[in-house]
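One file, start13.txt, is given below (compact mmCIF, C-alpha atoms).
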# COMPACT_ATOMS: atom_id res chain seq x y z
CA MET A 27 -21.02 -6.34 -9.22
CA ASP A 28 -20.29 -6.31 -5.50
CA ILE A 29 -17.35 -3.92 -5.05
CA LYS A 30 -15.98 -3.41 -1.55
CA LEU A 31 -13.27 -0.81 -1.05
CA PHE A 32 -12.11 -1.33 2.53
CA VAL A 33 -10.74 1.75 4.27
CA CYS A 34 -8.25 0.40 6.82
CA CYS A 35 -8.23 2.45 10.03
CA HIS A 36 -6.44 2.06 13.35
CA LYS A 37 -8.31 5.00 14.88
CA PRO A 38 -11.95 6.14 14.61
CA VAL A 39 -11.70 8.63 11.74
CA ASN A 40 -14.33 9.93 9.36
CA VAL A 41 -15.00 7.67 6.37
CA PRO A 42 -17.55 9.16 3.94
CA LYS A 43 -20.77 7.14 3.69
CA HIS A 44 -20.18 6.21 0.06
CA PRO A 45 -21.64 2.93 -1.30
CA LEU A 46 -18.19 1.70 -2.37
CA LEU A 47 -16.35 2.46 0.89
CA VAL A 48 -16.30 0.02 3.82
CA PRO A 49 -14.69 1.27 7.07
CA LEU A 50 -12.57 -1.50 8.59
CA GLN A 51 -10.81 -1.34 11.94
CA VAL A 52 -7.45 -3.10 11.67
CA GLY A 53 -5.56 -4.40 14.69
CA ALA A 54 -8.89 -4.59 16.51
CA ALA A 55 -7.61 -7.47 18.67
CA LEU A 56 -4.97 -5.13 20.12
CA ALA A 57 -7.27 -2.15 20.65
CA GLY A 58 -9.22 -1.32 23.78
CA GLU A 59 -12.47 -0.82 21.86
CA HIS A 60 -14.34 -1.65 18.67
CA PHE A 61 -15.06 1.46 16.63
CA PRO A 62 -18.83 1.91 16.13
CA GLY A 63 -19.98 1.73 12.52
CA PHE A 64 -16.82 -0.15 11.43
CA LEU A 65 -16.16 -3.75 10.54
CA HIS A 66 -13.41 -5.28 12.70
CA ASP A 67 -10.55 -7.52 11.61
CA ASP A 68 -10.63 -9.72 14.74
CA ALA A 69 -13.85 -11.56 13.80
CA GLY A 70 -13.77 -15.06 12.32
CA ASP A 71 -10.52 -16.29 10.76
CA SER A 72 -8.11 -13.51 11.70
CA ILE A 73 -4.50 -12.45 12.25
CA SER A 74 -5.52 -9.16 13.87
CA GLU A 75 -3.02 -9.67 16.69
CA LYS A 76 -0.18 -9.37 14.14
CA ASN A 77 -1.12 -5.82 13.21
CA ARG A 78 2.01 -4.23 14.67
CA SER A 79 4.09 -6.01 12.04
CA TYR A 80 1.50 -6.63 9.32
CA CYS A 81 -0.16 -3.18 9.44
CA GLU A 82 -3.09 -2.97 6.97
CA LEU A 83 -2.44 -6.57 5.87
CA THR A 84 -4.42 -7.86 8.85
CA GLY A 85 -7.46 -6.28 7.22
CA GLN A 86 -6.54 -7.80 3.88
CA TYR A 87 -6.23 -11.26 5.44
CA TRP A 88 -9.56 -10.84 7.24
CA ALA A 89 -11.37 -9.87 4.03
CA TRP A 90 -9.78 -12.80 2.18
CA LYS A 91 -11.00 -15.28 4.78
CA ASN A 92 -14.37 -13.80 5.77
CA VAL A 93 -15.88 -11.62 3.02
CA GLU A 94 -17.48 -12.49 -0.32
CA ALA A 95 -17.19 -9.84 -3.05
CA ASP A 96 -16.56 -9.52 -6.78
CA TYR A 97 -13.88 -6.86 -6.28
CA TYR A 98 -11.76 -6.25 -3.16
CA GLY A 99 -10.08 -2.90 -2.64
CA PHE A 100 -7.84 -1.65 0.16
CA PHE A 101 -7.29 2.00 1.02
CA HIS A 102 -5.89 3.68 4.14
CA TYR A 103 -7.78 6.21 6.20
CA ARG A 104 -5.38 8.86 4.86
CA ARG A 105 -4.92 7.54 1.30
CA TYR A 106 -7.49 6.58 -1.35
CA LEU A 107 -7.27 5.89 -5.04
CA TYR A 108 -9.37 8.11 -7.27
CA PRO A 109 -10.43 7.73 -10.93
CA ASN A 110 -8.25 10.03 -13.04
CA GLU A 111 -6.51 8.04 -15.78
CA ALA A 112 -4.82 11.18 -17.13
CA ALA A 113 -3.23 12.29 -13.83
CA ARG A 114 0.34 13.55 -14.17
CA LEU A 115 1.30 13.09 -10.52
CA PRO A 116 1.13 9.88 -8.45
CA TYR A 117 -0.75 11.67 -5.68
CA ILE A 118 -2.39 14.94 -4.67
CA ILE A 119 -2.98 16.51 -1.24
CA GLU A 120 -6.49 17.29 0.01
CA GLY A 121 -8.23 17.98 3.35
CA GLU A 122 -10.51 15.67 5.29
CA PRO A 123 -12.42 13.26 2.99
CA THR A 124 -16.05 14.16 2.31
CA LEU A 125 -18.71 12.98 -0.14
CA GLN A 126 -18.44 16.31 -1.92
CA MET A 127 -14.70 15.82 -2.38
CA LEU A 128 -15.19 12.28 -3.71
CA ASP A 129 -17.77 13.59 -6.18
CA ARG A 130 -15.29 16.21 -7.33
CA LEU A 131 -12.66 13.49 -7.78
CA GLY A 132 -14.96 11.46 -10.04
CA TYR A 133 -16.29 8.74 -7.74
CA GLU A 134 -19.64 8.64 -9.53
CA ARG A 135 -17.97 6.66 -12.33
CA PHE A 136 -15.54 4.65 -10.19
CA ALA A 137 -17.58 1.42 -10.04
CA GLU A 138 -17.99 1.31 -13.82
CA LEU A 139 -14.28 1.93 -14.34
CA ILE A 140 -13.20 -0.76 -11.85
CA GLN A 141 -15.17 -3.45 -13.66
CA LYS A 142 -13.13 -2.98 -16.85
CA TRP A 143 -9.91 -4.19 -15.19
CA ASP A 144 -8.50 -7.16 -13.30
CA VAL A 145 -6.35 -4.99 -11.04
CA VAL A 146 -6.25 -1.28 -10.20
CA PHE A 147 -2.83 -0.23 -8.91
CA PRO A 148 -1.57 3.03 -7.42
CA GLN A 149 0.29 5.04 -10.03
CA GLY A 150 4.00 4.24 -9.97
CA GLU A 151 6.38 6.77 -8.45
CA ASN A 152 9.85 7.02 -9.96
CA MET A 153 12.38 7.14 -7.12
CA HIS A 154 15.34 7.28 -9.56
CA ILE A 155 17.14 4.50 -7.68
CA PRO A 156 16.38 0.75 -7.91
CA VAL A 157 13.53 -0.55 -5.76
CA ARG A 158 15.98 -2.79 -3.90
CA GLU A 159 18.26 0.16 -3.07
CA HIS A 160 15.34 2.38 -2.14
CA TYR A 161 14.07 -0.23 0.33
CA ALA A 162 17.49 -0.57 1.99
CA SER A 163 17.87 3.21 2.36
CA ALA A 164 14.32 4.00 3.55
CA PRO A 165 13.84 4.92 7.24
CA PHE A 166 13.19 1.92 9.50
CA HIS A 167 13.78 -0.55 6.63
CA HIS A 168 16.61 -3.11 6.49
CA GLY A 169 17.99 -4.41 3.21
CA GLU A 170 18.65 -7.85 4.66
CA ASP A 171 14.91 -8.28 5.31
CA LEU A 172 14.12 -7.82 1.64
CA ASN A 173 16.97 -10.18 0.75
CA LEU A 174 15.50 -12.85 3.04
CA ALA A 175 12.02 -12.39 1.57
CA GLU A 176 13.50 -12.78 -1.91
CA GLN A 177 15.28 -16.00 -0.85
CA ILE A 178 12.01 -17.38 0.52
CA LEU A 179 10.23 -16.40 -2.68
CA GLY A 180 12.87 -18.18 -4.77
CA ALA A 181 12.57 -21.35 -2.68
CA ARG A 182 8.75 -21.46 -2.61
CA PHE A 183 7.92 -19.93 -5.98
CA PRO A 184 11.04 -20.15 -8.20
CA GLU A 185 9.04 -19.19 -11.28
CA TYR A 186 8.80 -15.66 -9.85
CA SER A 187 12.58 -15.15 -9.65
CA ASP A 188 12.97 -13.34 -12.97
CA GLY A 189 10.01 -11.08 -12.24
CA ALA A 190 11.44 -10.30 -8.81
CA GLU A 191 14.84 -9.39 -10.20
CA GLY A 192 13.30 -7.20 -12.90
CA TYR A 193 11.03 -5.33 -10.50
CA LEU A 194 13.63 -4.82 -7.79
CA ALA A 195 16.14 -3.52 -10.34
CA ASN A 196 13.62 -1.00 -11.69
CA THR A 197 13.13 2.48 -10.23
CA ILE A 198 9.30 2.59 -10.13
CA CYS A 199 7.71 1.99 -6.71
CA HIS A 200 4.05 1.34 -5.90
CA PHE A 201 3.49 2.35 -2.30
CA GLY A 202 0.98 1.65 0.42
CA ASN A 203 -0.41 -1.86 -0.12
CA ILE A 204 -3.25 -0.03 -1.88
CA PHE A 205 -5.04 -1.78 -4.74
CA ILE A 206 -8.33 -3.09 -6.13
CA MET A 207 -8.51 -6.67 -7.42
CA LYS A 208 -11.03 -8.90 -9.07
CA ARG A 209 -12.02 -11.79 -6.83
CA GLN A 210 -9.97 -14.51 -8.56
CA VAL A 211 -6.86 -12.31 -8.63
CA PHE A 212 -7.25 -11.32 -4.99
CA GLN A 213 -7.63 -14.93 -3.88
CA GLY A 214 -4.53 -15.96 -5.82
CA TYR A 215 -2.50 -13.04 -4.51
CA CYS A 216 -3.34 -13.77 -0.87
CA GLN A 217 -2.61 -17.49 -1.31
CA TRP A 218 0.83 -16.46 -2.58
CA LEU A 219 1.64 -13.53 -0.25
CA PHE A 220 0.80 -14.76 3.24
CA PRO A 221 2.85 -18.01 3.14
CA ILE A 222 5.91 -15.91 2.17
CA LEU A 223 5.38 -13.56 5.12
CA GLU A 224 4.69 -16.44 7.51
CA GLU A 225 7.99 -18.06 6.54
CA PHE A 226 9.77 -14.72 6.92
CA ASP A 227 8.33 -14.43 10.44
CA ARG A 228 9.55 -17.94 11.25
CA GLN A 229 13.11 -17.20 10.13
CA LYS A 230 13.57 -13.55 11.18
CA ASP A 231 14.03 -12.39 14.76
CA VAL A 232 12.70 -8.82 15.05
CA SER A 233 12.70 -8.65 18.85
CA GLY A 234 15.36 -5.93 18.71
CA TYR A 235 13.42 -3.76 16.27
CA CYS A 236 11.74 -0.54 17.34
CA ALA A 237 8.00 -0.06 16.73
CA GLN A 238 8.47 1.43 13.26
CA GLU A 239 10.96 -1.25 12.21
CA ARG A 240 8.61 -3.97 13.42
CA ARG A 241 6.18 -3.02 10.63
CA VAL A 242 8.48 -5.04 8.38
CA ASP A 243 5.83 -7.44 7.01
CA GLY A 244 3.83 -4.48 5.72
CA TYR A 245 6.97 -2.92 4.19
CA LEU A 246 7.87 -6.18 2.45
CA ALA A 247 4.35 -6.66 1.09
CA GLU A 248 4.57 -3.33 -0.75
CA ARG A 249 7.50 -4.72 -2.78
CA LEU A 250 6.04 -8.21 -3.10
CA LEU A 251 2.90 -6.72 -4.61
CA GLY A 252 5.05 -5.16 -7.35
CA ILE A 253 6.75 -8.51 -7.95
CA TYR A 254 3.39 -10.26 -8.23
CA ARG A 255 2.29 -7.79 -10.85
CA ALA A 256 5.58 -8.07 -12.76
CA TYR A 257 5.13 -11.84 -13.05
CA HIS A 258 1.45 -11.80 -14.01
CA GLN A 259 1.70 -10.02 -17.33
CA GLU A 260 -1.64 -11.53 -18.40
CA LEU A 261 -3.57 -9.27 -16.02
CA ARG A 262 -5.38 -6.18 -17.27
CA VAL A 263 -3.93 -3.46 -15.01
CA LEU A 264 -4.97 0.17 -14.63
CA GLU A 265 -2.88 2.64 -12.62
CA LEU A 266 -4.66 5.46 -10.81
CA PRO A 267 -3.37 8.29 -8.61
CA ARG A 268 -3.79 8.52 -4.86
CA VAL A 269 -5.29 11.32 -2.83
CA HIS A 270 -3.59 11.93 0.51
CA PHE A 271 -5.74 13.54 3.21
CA VAL A 272 -4.08 16.10 5.50
CA GLU A 273 -6.54 17.68 7.92
CA LYS A 274 -4.41 20.48 9.43
CA PRO A 275 -4.50 23.47 7.03
CA VAL A 276 -0.95 24.65 7.70
CA GLU A 277 0.53 21.18 7.21
CA ARG A 278 -1.63 20.62 4.12
CA CYS A 279 -0.56 23.91 2.57
CA GLY A 280 3.09 23.10 3.23
CA LYS A 281 2.82 19.71 1.55
CA GLN A 282 0.99 21.19 -1.43
CA VAL A 283 3.74 23.79 -1.88
CA VAL A 284 6.45 21.12 -1.69
CA ASN A 285 4.61 18.99 -4.28
CA MET A 286 4.31 22.01 -6.56
CA MET A 287 8.01 22.84 -6.33
CA LEU A 288 9.27 19.24 -6.16
CA PRO A 289 6.68 17.05 -7.93
CA PRO A 290 6.49 13.43 -6.68
CA GLY A 291 8.41 11.15 -9.03
CA SER A 292 10.60 13.98 -10.37
CA ARG A 293 14.38 13.73 -10.55
CA ARG A 294 14.66 17.04 -8.73
CA ARG A 295 12.76 15.64 -5.75
CA ALA A 296 14.91 12.49 -5.74
CA GLU A 297 18.10 14.57 -5.79
CA ILE A 298 16.96 16.70 -2.86
CA LYS A 299 16.17 13.53 -0.87
CA PHE A 300 19.60 12.09 -1.73
CA TRP A 301 21.47 15.15 -0.53
CA LYS A 302 19.33 15.41 2.59
CA LYS A 303 20.22 11.82 3.50
CA TRP A 304 23.90 12.42 2.64
CA ILE A 305 24.10 15.47 4.88
CA GLY A 306 22.30 13.61 7.66
CA ARG A 307 24.82 10.77 7.52
CA LYS A 308 27.73 13.22 7.62
CA LEU A 309 26.30 15.11 10.59
CA TYR A 310 24.91 12.24 12.64
CA GLY A 311 26.70 9.15 11.30
Do you think you could lay out the structure here as structure tokens?
Amino acid sequence: MDIKLFVCCHKPVNVPKHPLLVPLQVGAALAGEHFPGFLHDDAGDSISEKNRSYCELTGQYWAWKNVEADYYGFFHYRRYLYPNEAARLPYIIEGEPTLQMLDRLGYERFAELIQKWDVVFPQGENMHIPVREHYASAPFHHGEDLNLAEQILGARFPEYSDGAEGYLANTICHFGNIFIMKRQVFQGYCQWLFPILEEFDRQKDVSGYCAQERRVDGYLAERLLGIYRAYHQELRVLELPRVHFVEKPVERCGKQVVNMMLPPGSRRRAEIKFWKKWIGRKLYG
């Protein structure tokens, strides 16, 4: 099986030379250079110039249109999936990625594991508020954008409406536009996703958005991916944890301590976030 796990990068970082990993420069059309040793998302059929709003999705579109594989995976330069079916936490913190680290995380059996499933998803993280509410309250997100995307979904693909309502009312989020899909599933997902985003772009004026807010298409795709999964109950889905890479030792240690005291997905962590936001609104409006 030809398995390609694209590592989407907007800067020339280290990607271990592992047979499954494929370094891919995203937003290459907007950059001043092509990173050596990387594939680039501005070759062939491309939407690379939309990277400021589509983020890693420009790499996903490029692979859909230009690459033949049996399995397509998409990681970020700072976030990979790793094969631990028994993981208790949705993600762990590590240093810079190396081959030795990937071996320690079980990558020698990753290809065999992938081939047993139609889709490999990031492990869900319980935010303890509905997905719809979490989107509206997240920094640089706007609830009306998700509402518009849902309206477009209902008009174009009405059969997904029940799945959308169920997923958005749930409290489990799958972050990052990170996944691995069998070829047929990936093709179907892209044929469904990109027309929704194109219609959103046609209807929504984001000229007043700041740079972070303008990443809206990428934000929306994270939730649309969950909706797609909720509808397609026939798919064999495995959830795996993420590893987040933090190079600076002090920052990494701090994040590891926070995750130990306030585990991701825990109610305690969600409550701390709620009160932090509440205090911020009281102080700064």
Which residues are near Gly121 in chain A? Cut-off 6 Å, only C-alpha atoms, ignore same chain within fewer than 6 positions. Put them as a list in words.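 Near neighbours after the sequence-gap exclusion: Phe271, Val272 and Glu273 of chain A.
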Leaving out range 209-216 of chain A and any residue of its chain fewer than 2 positions from it, which residues lie within 12 Å of it when counting only C-alpha atoms, given as number ranges by chain? A: 27-30, 83-100, 141, 143-146, 205-207, 218-224, 247, 250-255, 257-258, 260-263
Range 136-222 of chain A near range 285-306 of chain A within 6 Å: what's each residue's closest atom pair and its distance in Å to one decimal, counting only C-alpha atoms, ordered by chain then ascending residue number, as a tab-separated table?
residue	atom	partner	partner_atom	distance
A:Glu151	CA	A:Gly291	CA	4.9
A:Asn152	CA	A:Gly291	CA	4.5
A:Met153	CA	A:Gly291	CA	6.0
For Leu128 in chain A, work out the shell of residues within 9 Å, counting only C-alpha atoms and skipping chain neighbours fewer than 6 positions away, then give it as a PyMOL selection string. chain A and resi 42+44+108+134
Of the residues A:Asp243, A:Asp188, A:Glu248, A:Glu170, which is the one nearest to Phe201 in chain A, using only C-alpha atoms?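 Nearest candidate to Phe201 in chain A out of A:Asp243, A:Asp188, A:Glu248, A:Glu170: A:Glu248.
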Best match for closeness to Glu191 in chain A among A:Pro45, A:Gly58, A:Pro156, A:Gly150, counting all atoms listed in the file: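 The answer is A:Pro156, which sits nearest to Glu191 in chain A.
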Which one of A:Cys199, A:Ala237, A:Ala181, A:Val283 sits closest to Arg78 in chain A if you count all atoms listed in the file?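 Among the listed residues, A:Ala237 lies closest to Arg78 in chain A.
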With all atoms listed in the file as the counted atoms, please give the residues lying no more than 6 Å from His270 in chain A, apart from itself and same-chain residues fewer than 6 positions off, as a list in words. Arg104, Arg105 and Ile119 of chain A
Of the candidates A:Pro165, A:Gly234, A:Gly244, A:Pro109, which shows the shortest atom-to-atom distance to Phe136 in chain A, using only C-alpha atoms? A:Pro109
What lies within 10 Å of Ala112 in chain A using only C-alpha atoms, ignoring chain neighbours under 6 positions off, as a CSV table (one decimal) with C-alpha atoms, keeping the file's coordinate frame?
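Here's the written file around_36.csv:
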chain,number,residue,atom,x,y,z
A,265,GLU,CA,-2.9,2.6,-12.6
A,266,LEU,CA,-4.7,5.5,-10.8
A,267,PRO,CA,-3.4,8.3,-8.6
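Taking CA of Val276 in chain A and CA of Pro148 in chain A as the two end points, the separation is 26.4 Å.
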Size and centre in Å, one decimal, axis-aligned box, all listed range 143-161 of chain A atoms plus 8 Å per side, as AutoDock Vina command-line options:
--center_x 4.2 --center_y 0.1 --center_z -7.4 --size_x 44.2 --size_y 30.4 --size_z 31.5
